[in-house]
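File shown here: run-v3.txt, holding compact mmCIF, C-alpha atoms.
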# COMPACT_ATOMS: atom_id res chain seq x y z
CA MET A 7 -22.56 -32.39 -31.70
CA THR A 8 -25.80 -30.72 -32.74
CA SER A 9 -28.94 -32.81 -32.55
CA THR A 10 -31.28 -32.89 -35.56
CA ARG A 11 -34.87 -34.04 -35.68
CA PRO A 12 -35.23 -37.59 -37.07
CA ALA A 13 -36.93 -37.37 -40.47
CA ASP A 14 -39.40 -40.18 -39.71
CA LEU A 15 -40.65 -38.77 -36.42
CA PRO A 16 -44.33 -37.69 -36.34
CA GLU A 17 -44.57 -33.90 -36.16
CA PHE A 18 -47.34 -31.59 -34.97
CA GLY A 19 -47.59 -27.89 -35.75
CA ALA A 20 -49.74 -27.09 -32.71
CA PRO A 21 -49.32 -29.84 -30.11
CA PRO A 22 -51.23 -29.51 -26.82
CA LEU A 23 -47.98 -29.40 -24.87
CA THR A 24 -47.86 -27.44 -21.64
CA GLU A 25 -44.55 -28.67 -20.28
CA VAL A 26 -41.48 -30.63 -21.31
CA ALA A 27 -38.74 -31.74 -18.92
CA ILE A 28 -35.46 -33.42 -19.80
CA GLY A 29 -32.72 -34.31 -17.40
CA VAL A 30 -30.45 -36.63 -15.58
CA GLN A 31 -30.23 -38.26 -12.16
CA PHE A 32 -26.74 -39.10 -10.94
CA ASP A 33 -25.10 -40.67 -7.89
CA VAL A 34 -25.41 -38.30 -4.92
CA ILE A 35 -22.47 -35.91 -4.91
CA PRO A 36 -20.91 -36.06 -1.45
CA GLY A 37 -20.29 -32.66 0.06
CA LEU A 38 -22.71 -30.72 -2.15
CA SER A 39 -24.51 -28.33 0.21
CA THR A 40 -26.88 -25.38 -0.09
CA PRO A 41 -24.09 -22.73 -0.25
CA HIS A 42 -22.61 -24.58 -3.24
CA VAL A 43 -25.94 -24.27 -5.06
CA GLY A 44 -25.71 -20.50 -4.61
CA LEU A 45 -22.22 -20.50 -6.07
CA ILE A 46 -23.42 -22.61 -9.00
CA TRP A 47 -26.28 -20.16 -9.66
CA GLN A 48 -23.73 -17.41 -10.29
CA HIS A 49 -22.77 -19.25 -13.48
CA PHE A 50 -26.41 -19.19 -14.69
CA ARG A 51 -27.67 -15.94 -13.24
CA LYS A 52 -27.53 -13.93 -16.44
CA ALA A 53 -29.89 -16.22 -18.38
CA PHE A 54 -31.83 -17.47 -15.34
CA PRO A 55 -32.06 -14.52 -12.96
CA LEU A 56 -34.87 -15.87 -10.74
CA VAL A 57 -34.61 -18.62 -8.13
CA GLU A 58 -37.15 -20.80 -6.34
CA GLU A 59 -36.56 -23.40 -3.64
CA GLN A 60 -38.50 -26.65 -3.93
CA VAL A 61 -38.80 -29.88 -1.98
CA PRO A 62 -36.16 -32.33 -3.25
CA LEU A 63 -37.22 -35.11 -5.58
CA GLN A 64 -36.67 -38.61 -4.24
CA PRO A 65 -34.49 -41.02 -6.23
CA VAL A 66 -36.17 -42.92 -9.04
CA PHE A 67 -34.86 -46.31 -10.16
CA GLU A 68 -36.45 -48.18 -13.05
CA THR A 69 -35.66 -51.80 -12.28
CA PHE A 70 -37.03 -55.03 -13.68
CA GLY A 71 -38.34 -58.21 -12.18
CA PRO A 72 -41.48 -60.23 -11.66
CA ASN A 73 -42.79 -57.96 -8.90
CA PRO A 74 -43.54 -54.27 -9.48
CA MET A 75 -42.18 -51.70 -7.06
CA PRO A 76 -45.10 -50.89 -4.75
CA PRO A 77 -45.98 -47.18 -4.81
CA GLY A 78 -44.85 -45.06 -1.90
CA MET A 79 -42.28 -47.61 -0.79
CA GLY A 80 -39.22 -45.41 -1.22
CA LEU A 81 -37.46 -44.68 2.06
CA GLN A 82 -34.99 -41.97 2.94
CA PHE A 83 -31.84 -42.97 4.76
CA SER A 84 -30.00 -39.66 4.82
CA ILE A 85 -29.07 -38.38 8.28
CA THR A 86 -28.17 -34.86 7.19
CA PRO A 87 -30.70 -32.12 6.35
CA GLU A 88 -31.76 -32.43 2.74
CA THR A 89 -30.20 -30.03 0.28
CA PRO A 90 -33.13 -28.34 -1.44
CA ARG A 91 -34.00 -28.58 -5.09
CA VAL A 92 -33.50 -25.16 -6.63
CA PHE A 93 -35.07 -23.73 -9.78
CA PHE A 94 -33.05 -21.23 -11.83
CA VAL A 95 -35.80 -19.49 -13.82
CA ASN A 96 -35.64 -17.20 -16.83
CA GLU A 97 -37.26 -13.76 -16.86
CA ALA A 98 -40.29 -14.96 -18.81
CA ARG A 99 -40.65 -17.90 -16.37
CA THR A 100 -41.03 -20.26 -19.31
CA GLU A 101 -37.67 -22.01 -18.96
CA LEU A 102 -35.87 -23.27 -15.92
CA LEU A 103 -33.02 -25.43 -14.73
CA GLN A 104 -33.45 -27.66 -11.70
CA VAL A 105 -30.47 -28.47 -9.50
CA GLN A 106 -30.21 -30.76 -6.50
CA LYS A 107 -27.54 -33.07 -5.11
CA ASP A 108 -28.44 -35.87 -7.54
CA ARG A 109 -30.29 -34.11 -10.40
CA PHE A 110 -29.84 -31.67 -13.23
CA LEU A 111 -32.99 -30.95 -15.23
CA HIS A 112 -34.24 -28.50 -17.82
CA ASN A 113 -37.92 -27.61 -18.20
CA TRP A 114 -39.93 -25.60 -20.65
CA ARG A 115 -43.45 -24.69 -19.60
CA LYS A 116 -46.31 -22.81 -21.16
CA ILE A 117 -47.20 -19.90 -18.93
CA GLN A 118 -49.65 -18.11 -21.19
CA GLN A 119 -51.24 -18.35 -24.62
CA GLY A 120 -48.63 -17.52 -27.20
CA ASP A 121 -45.77 -19.27 -25.39
CA ASN A 122 -44.50 -21.58 -28.09
CA TYR A 123 -42.65 -24.83 -27.43
CA PRO A 124 -39.05 -24.17 -28.42
CA ARG A 125 -38.74 -27.76 -29.73
CA PHE A 126 -36.71 -30.60 -28.34
CA GLU A 127 -33.49 -29.90 -30.23
CA ARG A 128 -33.19 -26.42 -28.72
CA MET A 129 -34.07 -27.72 -25.27
CA LEU A 130 -31.39 -30.37 -25.61
CA GLU A 131 -28.82 -27.73 -26.50
CA THR A 132 -29.82 -25.66 -23.46
CA PHE A 133 -29.60 -28.77 -21.29
CA ARG A 134 -26.19 -29.76 -22.63
CA ALA A 135 -24.71 -26.31 -22.22
CA GLY A 136 -26.16 -26.05 -18.72
CA PHE A 137 -24.95 -29.51 -17.75
CA ALA A 138 -21.40 -28.66 -18.91
CA THR A 139 -21.47 -25.43 -16.90
CA PHE A 140 -22.87 -27.30 -13.88
CA SER A 141 -20.15 -29.97 -14.13
CA ASN A 142 -17.40 -27.37 -14.39
CA ALA A 143 -18.81 -25.38 -11.47
CA LEU A 144 -18.86 -28.51 -9.31
CA SER A 145 -15.35 -29.36 -10.33
CA SER A 146 -14.08 -25.89 -9.50
CA GLU A 147 -15.49 -26.38 -5.98
CA GLY A 148 -13.67 -29.69 -5.65
CA LEU A 149 -16.90 -31.68 -5.97
CA GLY A 150 -17.86 -34.53 -8.24
CA PRO A 151 -17.41 -36.28 -10.56
CA ILE A 152 -20.96 -36.67 -11.86
CA ILE A 153 -21.87 -40.31 -12.45
CA PRO A 154 -25.22 -40.43 -14.31
CA ASN A 155 -27.53 -43.34 -13.44
CA HIS A 156 -30.92 -42.33 -14.94
CA CYS A 157 -32.24 -40.01 -17.63
CA GLU A 158 -35.77 -38.79 -18.28
CA VAL A 159 -37.84 -37.11 -20.95
CA THR A 160 -41.35 -36.02 -19.94
CA TYR A 161 -44.01 -34.43 -22.15
CA ILE A 162 -47.13 -33.10 -20.43
CA ASN A 163 -50.13 -32.34 -22.63
CA GLN A 164 -53.31 -30.67 -21.45
CA VAL A 165 -56.22 -31.08 -23.83
CA VAL A 166 -59.14 -28.75 -23.18
CA ILE A 167 -62.75 -29.79 -23.71
CA PRO A 168 -64.05 -27.84 -26.72
CA SER A 169 -67.09 -25.67 -26.09
CA GLY A 170 -70.33 -27.58 -26.62
CA SER A 171 -68.61 -30.88 -25.90
CA ASN A 172 -68.01 -32.96 -22.80
CA LEU A 173 -65.31 -35.12 -21.25
CA SER A 174 -66.68 -38.34 -22.70
CA ASP A 175 -66.73 -36.88 -26.22
CA LEU A 176 -63.20 -35.52 -25.87
CA GLU A 177 -61.86 -38.83 -24.61
CA GLY A 178 -63.63 -40.51 -27.50
CA ASP A 179 -61.84 -38.22 -29.92
CA LEU A 180 -58.52 -38.71 -28.11
CA PHE A 181 -58.54 -42.45 -27.53
CA GLY A 182 -61.63 -43.71 -29.35
CA GLN A 183 -59.67 -45.93 -31.68
CA LEU A 184 -58.39 -47.73 -28.58
CA THR A 185 -61.42 -47.65 -26.32
CA GLY A 186 -64.42 -48.02 -28.63
CA SER A 187 -65.22 -51.43 -27.21
CA LEU A 188 -65.61 -50.02 -23.69
CA ALA A 189 -69.24 -49.03 -24.37
CA LEU A 190 -71.62 -51.24 -22.37
CA GLU A 191 -74.89 -52.45 -23.78
CA ASP A 192 -76.99 -50.98 -20.97
CA LEU A 193 -74.88 -47.96 -19.96
CA GLY A 194 -73.17 -46.87 -23.15
CA ARG A 195 -69.77 -45.19 -23.14
CA PRO A 196 -67.85 -44.52 -19.93
CA GLU A 197 -68.39 -41.11 -18.39
CA ASP A 198 -64.63 -40.65 -18.32
CA LEU A 199 -61.52 -42.77 -18.24
CA ARG A 200 -58.01 -42.79 -16.94
CA PHE A 201 -55.20 -45.14 -17.78
CA LEU A 202 -51.55 -45.83 -17.10
CA LEU A 203 -49.49 -47.79 -19.58
CA ARG A 204 -45.94 -48.98 -19.05
CA TYR A 205 -43.69 -50.19 -21.83
CA VAL A 206 -40.18 -51.59 -21.35
CA MET A 207 -37.38 -49.85 -23.26
CA LYS A 208 -34.49 -52.12 -24.28
CA ASP A 209 -30.92 -51.63 -25.43
CA ASN A 210 -29.40 -53.01 -28.62
CA GLU A 211 -28.82 -56.37 -26.95
CA GLY A 212 -32.43 -56.63 -25.85
CA ARG A 213 -31.74 -55.93 -22.17
CA PRO A 214 -34.25 -53.79 -20.31
CA VAL A 215 -32.89 -50.31 -19.60
CA GLY A 216 -35.93 -48.16 -18.92
CA ARG A 217 -39.63 -47.59 -19.33
CA LEU A 218 -42.03 -45.46 -21.29
CA ILE A 219 -44.90 -44.55 -19.00
CA VAL A 220 -48.08 -43.04 -20.39
CA SER A 221 -50.87 -41.76 -18.20
CA ALA A 222 -54.13 -40.06 -19.07
CA GLU A 223 -56.55 -38.64 -16.55
CA PRO A 224 -59.26 -36.02 -16.37
CA ALA A 225 -58.26 -32.96 -14.40
CA ARG A 226 -59.21 -29.42 -13.66
CA ARG A 227 -56.85 -26.57 -14.31
CA ALA A 228 -56.32 -23.72 -11.90
CA ASP A 229 -58.50 -21.56 -14.17
CA GLY A 230 -61.39 -24.01 -13.74
CA GLN A 231 -61.15 -25.50 -17.22
CA THR A 232 -61.69 -29.27 -17.35
CA ILE A 233 -58.99 -31.03 -19.31
CA VAL A 234 -57.50 -34.41 -20.06
CA GLN A 235 -53.88 -34.48 -18.95
CA LEU A 236 -51.81 -36.85 -21.04
CA THR A 237 -48.32 -37.40 -19.65
CA LEU A 238 -45.63 -39.39 -21.42
CA THR A 239 -42.37 -40.18 -19.64
CA ALA A 240 -39.38 -42.12 -20.92
CA ARG A 241 -36.76 -42.82 -18.31
CA GLY A 242 -33.97 -45.27 -17.75
CA ARG A 243 -30.27 -45.92 -17.61
CA PRO A 244 -27.85 -44.35 -20.06
CA ALA A 245 -25.70 -46.88 -21.96
CA THR A 246 -22.59 -45.13 -20.68
CA PRO A 247 -22.32 -42.94 -17.56
CA ASP A 248 -21.26 -39.81 -19.43
CA GLU A 249 -22.68 -36.94 -21.46
CA ARG A 250 -22.84 -39.02 -24.64
CA GLY A 251 -24.84 -41.68 -22.83
CA ILE A 252 -27.24 -39.04 -21.47
CA VAL A 253 -27.80 -37.40 -24.84
CA ASP A 254 -28.32 -40.74 -26.57
CA PHE A 255 -30.94 -41.79 -24.02
CA LEU A 256 -32.72 -38.44 -24.19
CA ASN A 257 -32.90 -38.68 -27.99
CA LYS A 258 -34.15 -42.26 -27.82
CA GLY A 259 -36.66 -41.40 -25.11
CA ARG A 260 -37.95 -38.42 -27.07
CA GLY A 261 -38.50 -40.68 -30.09
CA SER A 262 -40.47 -43.17 -27.98
CA VAL A 263 -42.56 -40.40 -26.44
CA VAL A 264 -43.48 -38.77 -29.75
CA ARG A 265 -44.25 -42.06 -31.50
CA ALA A 266 -46.41 -43.19 -28.59
CA PHE A 267 -48.27 -39.88 -28.57
CA ALA A 268 -49.01 -40.22 -32.29
CA HIS A 269 -50.05 -43.86 -31.93
CA LEU A 270 -52.27 -43.50 -28.88
CA THR A 271 -54.22 -40.42 -29.98
CA GLY A 272 -56.86 -40.22 -32.69
CA PRO A 273 -56.93 -38.72 -36.19
CA LYS A 274 -59.54 -36.07 -35.34
CA MET A 275 -57.22 -34.61 -32.71
CA HIS A 276 -54.23 -34.94 -35.03
CA LYS A 277 -56.00 -32.67 -37.48
CA LEU A 278 -56.63 -30.15 -34.72
CA TRP A 279 -52.97 -30.34 -33.69
CA GLU A 280 -51.83 -29.87 -37.29
CA ARG A 281 -50.06 -33.18 -37.77
CA LYS A 282 -47.58 -32.85 -40.61
CA GLN A 283 -46.41 -36.43 -41.01
CA MET B 24 -37.84 -42.93 10.04
CA ASN B 25 -40.45 -42.65 7.34
CA ALA B 26 -43.09 -44.18 9.55
CA LEU B 27 -45.90 -43.49 7.12
CA ALA B 28 -44.20 -45.41 4.35
CA LEU B 29 -43.50 -48.30 6.68
CA ARG B 30 -47.09 -48.45 7.86
CA ALA B 31 -48.34 -48.48 4.29
CA PHE B 32 -45.87 -51.20 3.46
CA GLU B 33 -46.88 -53.42 6.34
CA ASN B 34 -50.60 -53.02 5.85
CA GLU B 35 -50.92 -53.20 2.10
CA TRP B 36 -48.57 -55.76 0.77
CA TYR B 37 -50.30 -56.13 -2.54
CA GLN B 38 -50.33 -52.85 -4.36
CA SER B 39 -51.06 -51.83 -7.89
CA ALA B 40 -48.26 -51.08 -10.31
CA ASN B 41 -49.42 -47.48 -10.67
CA ASN B 42 -46.17 -45.84 -9.72
CA PRO B 43 -45.55 -43.19 -12.32
CA SER B 44 -43.71 -40.80 -10.00
CA GLU B 45 -41.59 -38.69 -12.24
CA LEU B 46 -37.90 -38.14 -12.09
CA ALA B 47 -38.32 -34.58 -13.29
CA ARG B 48 -41.84 -33.72 -12.10
CA SER B 49 -43.94 -30.99 -13.61
CA SER B 50 -43.18 -27.50 -12.45
CA THR B 51 -46.34 -25.89 -13.80
CA LYS B 52 -49.30 -25.18 -11.59
CA PRO B 53 -50.78 -28.39 -10.26
CA VAL B 54 -54.09 -29.61 -11.53
CA VAL B 55 -56.75 -31.00 -9.26
CA LEU B 56 -57.33 -34.54 -10.36
CA ALA B 57 -60.81 -35.97 -10.06
CA ARG B 58 -59.84 -39.26 -8.46
CA PRO B 59 -62.65 -41.69 -7.70
CA GLN B 60 -62.87 -43.05 -4.18
CA LEU B 61 -62.84 -46.83 -4.34
CA SER B 62 -62.83 -49.42 -1.58
CA SER B 63 -59.46 -50.88 -0.65
CA PRO B 64 -58.93 -54.64 -0.59
CA SER B 65 -59.92 -56.03 2.79
CA VAL B 66 -57.21 -58.71 2.83
CA VAL B 67 -53.81 -57.48 4.02
CA HIS B 68 -50.53 -59.27 4.54
CA ARG B 69 -47.83 -58.31 7.00
CA SER B 70 -44.24 -58.72 5.99
CA ASN B 71 -41.84 -60.27 8.46
CA TRP B 72 -38.66 -58.78 7.15
CA ALA B 73 -39.45 -55.09 6.56
CA ARG B 74 -39.13 -53.71 10.09
CA PRO B 75 -35.78 -55.34 11.02
CA THR B 76 -34.43 -54.48 7.57
CA ILE B 77 -35.38 -50.82 7.80
CA ASP B 78 -33.91 -50.69 11.30
CA ARG B 79 -30.63 -52.13 10.03
CA LEU B 80 -30.43 -49.83 7.00
CA SER B 81 -31.17 -46.89 9.27
CA ALA B 82 -28.40 -47.97 11.62
CA LEU B 83 -25.90 -48.00 8.74
CA ALA B 84 -26.87 -44.54 7.44
CA PRO B 85 -24.81 -42.57 10.01
CA LEU B 86 -21.55 -44.40 9.26
CA GLY B 87 -19.20 -41.69 8.03
CA ASP B 88 -15.79 -41.83 6.40
CA ASN B 89 -13.33 -44.11 8.21
CA TRP B 90 -16.15 -45.74 10.19
CA ASP B 91 -14.00 -48.86 10.65
CA GLN B 92 -10.74 -47.03 11.47
CA ARG B 93 -9.36 -48.53 8.25
CA GLY B 94 -10.16 -45.76 5.84
CA SER B 95 -13.48 -47.09 4.53
CA ALA B 96 -15.83 -44.69 2.74
CA ALA B 97 -19.06 -43.44 4.33
CA VAL B 98 -22.09 -45.59 3.58
CA ARG B 99 -23.91 -43.92 0.68
CA ALA B 100 -27.54 -42.92 1.19
CA ASP B 101 -28.35 -43.65 -2.46
CA VAL B 102 -26.92 -47.17 -2.07
CA LEU B 103 -29.16 -47.78 0.94
CA GLN B 104 -32.15 -46.57 -1.07
CA PHE B 105 -31.23 -48.76 -4.02
CA ALA B 106 -30.75 -51.80 -1.76
CA TRP B 107 -34.19 -51.14 -0.29
CA ASN B 108 -35.57 -50.88 -3.82
CA ILE B 109 -34.18 -54.34 -4.60
CA LEU B 110 -35.50 -55.88 -1.40
CA VAL B 111 -39.00 -54.51 -1.83
CA GLN B 112 -39.20 -56.23 -5.20
CA ILE B 113 -37.54 -59.57 -4.50
CA MET B 114 -38.77 -60.40 -0.99
CA PRO B 115 -41.86 -62.49 -0.33
CA TYR B 116 -43.84 -61.31 2.67
CA ASP B 117 -42.51 -64.30 4.65
CA GLY B 118 -38.89 -63.89 3.51
CA LYS B 119 -36.02 -64.06 5.97
CA PRO B 120 -34.57 -60.64 6.76
CA PRO B 121 -31.11 -60.32 5.22
CA VAL B 122 -27.96 -59.65 7.19
CA ILE B 123 -26.72 -56.29 5.91
CA VAL B 124 -23.06 -55.34 6.22
CA PRO B 125 -21.31 -52.16 5.09
CA LEU B 126 -18.53 -52.36 2.52
CA GLY B 127 -15.34 -50.33 2.35
CA ASN B 128 -16.40 -48.56 -0.87
CA GLY B 129 -19.58 -47.00 0.55
CA GLY B 130 -21.76 -49.89 -0.58
CA VAL B 131 -23.53 -52.63 1.32
CA GLN B 132 -23.83 -56.39 1.08
CA LEU B 133 -27.09 -58.26 1.65
CA GLU B 134 -26.61 -61.81 2.92
CA TRP B 135 -28.83 -64.82 3.57
CA SER B 136 -27.71 -68.27 4.59
CA THR B 137 -29.27 -71.60 5.48
CA SER B 138 -27.87 -75.11 5.62
CA ALA B 139 -28.83 -75.51 1.94
CA ALA B 140 -27.68 -72.25 0.39
CA ALA B 141 -26.08 -68.84 0.88
CA LEU B 142 -26.78 -65.74 -1.17
CA GLU B 143 -24.73 -62.52 -1.25
CA ILE B 144 -25.88 -59.41 -3.11
CA GLU B 145 -23.29 -56.65 -3.28
CA VAL B 146 -24.53 -53.13 -4.03
CA SER B 147 -21.62 -50.76 -4.68
CA ARG B 148 -23.59 -47.94 -6.29
CA PRO B 149 -27.07 -47.57 -7.74
CA PHE B 150 -27.27 -50.13 -10.58
CA GLU B 151 -23.83 -51.58 -9.75
CA VAL B 152 -24.94 -54.90 -8.30
CA SER B 153 -23.48 -58.41 -8.24
CA ALA B 154 -24.94 -61.56 -6.74
CA LEU B 155 -23.42 -64.90 -5.76
CA LEU B 156 -25.39 -68.02 -4.83
CA VAL B 157 -23.62 -70.88 -3.07
CA THR B 158 -25.42 -74.23 -2.85
CA GLU B 159 -24.38 -77.74 -1.89
CA PRO B 160 -26.21 -80.16 -4.17
CA GLY B 161 -25.06 -83.67 -3.35
CA GLY B 162 -22.72 -82.36 -0.68
CA GLU B 163 -20.48 -80.52 -3.14
CA GLU B 164 -20.31 -76.73 -2.88
CA THR B 165 -21.27 -74.89 -6.07
CA GLU B 166 -20.96 -71.15 -6.70
CA ASN B 167 -23.16 -69.40 -9.27
CA GLU B 168 -23.15 -65.73 -10.20
CA LEU B 169 -26.74 -64.62 -10.68
CA PRO B 170 -27.75 -62.08 -13.33
CA THR B 171 -28.69 -58.66 -12.02
CA ASP B 172 -29.97 -56.87 -15.14
CA THR B 173 -33.38 -57.99 -13.89
CA TRP B 174 -34.39 -59.27 -10.45
CA ASP B 175 -35.99 -62.44 -11.83
CA ARG B 176 -33.37 -64.91 -10.59
CA LEU B 177 -32.88 -63.12 -7.29
CA THR B 178 -36.62 -63.27 -6.67
CA GLU B 179 -36.75 -66.99 -7.50
CA THR B 180 -33.74 -67.72 -5.30
CA VAL B 181 -35.07 -65.92 -2.24
CA ARG B 182 -38.43 -67.63 -2.64
CA GLU B 183 -36.79 -71.04 -2.98
CA TYR B 184 -34.27 -70.88 -0.17
CA PHE B 185 -34.88 -68.02 2.22
CA ARG B 186 -38.43 -68.05 3.56
CA GLN B 187 -39.25 -68.21 7.22

Would you kindly transcribe this structure into structure tokens?
Amino acid sequence: MTSTRPADLPEFGAPPLTEVAIGVQFDVIPGLSTPHVGLIWQHFRKAFPLVEEQVPLQPVFETFGPNPMPPGMGLQFSITPETPRVFFVNEARTELLQVQKDRFLHNWRKIQQGDNYPRFERMLETFRAGFATFSNALSSEGLGPIIPNHCEVTYINQVVIPSGSNLSDLEGDLFGQLTGSLALEDLGRPEDLRFLLRYVMKDNEGRPVGRLIVSAEPARRADGQTIVQLTLTARGRPATPDERGIVDFLNKGRGSVVRAFAHLTGPKMHKLWERKQ
Amino acid sequence: MNALALRAFENEWYQSANNPSELARSSTKPVVLARPQLSSPSVVHRSNWARPTIDRLSALAPLGDNWDQRGSAAVRADVLQFAWNILVQIMPYDGKPPVIVPLGNGGVQLEWSTSAAALEIEVSRPFEVSALLVTEPGGEETENELPTDTWDRLTETVREYFRQ
């Protein structure tokens, strides 16, 4: 099953992407410990020869009700030491797989100018092949099965302020069609802005299954360059707890992310990013 | 356990919905975000149910396989986290703490009861949730399964029947 790009999806020749992550969260696999992660790495070592240990990600559950989940309210109830999150990284450091006791993720990231986004379809193929290898490796150790409960697609864009311009001008070009009315009579346009939008994703029966979350905020890169970071995340439950369900959600989430990006950003930036349709 | 989170929970009941924490999280170099410093609301509300509930969930976490000498599965950490996720969203600050009992399949059941109604929420796995409300209108016992694709009905039910 090879994924193809939907013909009606907006497309950009030079998007401001700096990172894309796709992946799955599943029920915690009992018995999965740090030595197992080392054994699993052997299956990936050829393509991903570098490793990094990271702090584990906490579970994320998109749920729905009249009250939002307050931030920072997640608690940990595990009594055993946490199995770390481990990055398997390629030689160029542009692609990685993330493994922990309830996650399998694939990231692409822009390390330097000239690193080109490999496109979603290729990332999905890398994810699917890696997930199959991961599942088989777990099975051969007597662990599993994997029961997926959440999927996620995240696109991170970093838009640099052009020389001779400022943050307010850039944000006007990015979101001006949405925020033009924010100018005050006595103070004019805002110096800068940040926002967070949440949209509910629904299944074919109209039941809520996930969210598209869009955030924009001014930031400063490690090299000192001021930017606007625009992050779009689609995450939620797969329709079925299997690989087909994961792939379907990732494709749907990618569509929502790309359409939202095209809708929320302005035509001047689209020209700069070489929008094709 | 997680004292910082508990303190934040008890002192700042009303929080914004800005909770975009990512499932995947960026792996590129972090950016320094220019966050403005704004005053926090001066009115705070203390919840009555959070502390005893966290204590109970924490007490269940160590239960391993065969904890009841009858072959029951260990209580799953992700189930405890999901149950907490539900409670945080459905409980009013003056809600009655639920009775929480472990199940044989690694899940937990959350229970409330008064003379007017009883509510049981069974959490077997993350997103595998069922809920049963028993009421006695006119003296006749009535059982209703409540929908769990959203927490709307659960929230209404707890507010209606199970406040201190």

Output as a VMD selection string the set of chain A residues within 8 Å of chain B, with distances taken over all atoms listed in the file.
-> chain A and resid 25 27 to 29 31 33 to 34 63 to 67 69 to 85 111 113 115 to 117 155 158 160 162 202 213 to 214 219 223 to 228 239 241

CA of Val30 (chain A) to CA of Gly251 (chain A), straight-line distance in Å | 10.5 Å

Please list as a PDB file with C-alpha atoms, in the frame of the given file every residue within 10 Å of Glu168 (chain B), counting all atoms listed in the file and excluding residues in the same chain fewer than 2 positions away.
ATOM      1  CA  LEU B 142     -26.780 -65.740  -1.170  1.00  0.00           C
ATOM      2  CA  GLU B 143     -24.730 -62.520  -1.250  1.00  0.00           C
ATOM      3  CA  ILE B 144     -25.880 -59.410  -3.110  1.00  0.00           C
ATOM      4  CA  SER B 153     -23.480 -58.410  -8.240  1.00  0.00           C
ATOM      5  CA  ALA B 154     -24.940 -61.560  -6.740  1.00  0.00           C
ATOM      6  CA  LEU B 155     -23.420 -64.900  -5.760  1.00  0.00           C
ATOM      7  CA  LEU B 156     -25.390 -68.020  -4.830  1.00  0.00           C
ATOM      8  CA  VAL B 157     -23.620 -70.880  -3.070  1.00  0.00           C
ATOM      9  CA  GLU B 166     -20.960 -71.150  -6.700  1.00  0.00           C
ATOM     10  CA  PRO B 170     -27.750 -62.080 -13.330  1.00  0.00           C
ATOM     11  CA  THR B 171     -28.690 -58.660 -12.020  1.00  0.00           C
TER      12      THR B 171
END

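Using all atoms listed in the file, the set of residues no farther than 6 Å from the position (-17.6, -47.0, 3.2) comprises Ser95, Ala96, Ala97, Val98, Leu126, Gly127, Asn128 and Gly129 of chain B.
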
Filtering to C-alpha atoms, could you give me those residues as a compact mmCIF listing (two decimals), in the frame of the given file?
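Generated file (selection.txt):
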# COMPACT_ATOMS: atom_id res chain seq x y z
CA SER B 95 -13.48 -47.09 4.53
CA ALA B 96 -15.83 -44.69 2.74
CA ALA B 97 -19.06 -43.44 4.33
CA VAL B 98 -22.09 -45.59 3.58
CA LEU B 126 -18.53 -52.36 2.52
CA GLY B 127 -15.34 -50.33 2.35
CA ASN B 128 -16.40 -48.56 -0.87
CA GLY B 129 -19.58 -47.00 0.55

Got a sec: who's within 8 Å of Leu38 (chain A), counting all atoms listed in the file, leaving out chain neighbours fewer than 6 positions off, as a list of chain:residue names?
-> A:Thr89, A:Lys107, A:Leu149

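The two atoms in question, CA of Pro55 (chain A) and CA of Glu88 (chain A), are spaced 23.8 Å apart.
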
Draw an axis-aligned box tight on the listed atoms of region 155-170 of chain A, then pad every side by 3 Å and write out centre and edge lengths in Å to one decimal as lines of an AutoDock Vina configuration file.
center_x = -48.9
center_y = -34.5
center_z = -20.1
size_x = 48.8
size_y = 23.7
size_z = 19.3

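Interatomic distance, CA of Asp14 (chain A) to CA of Lys282 (chain A): 11.0 Å.
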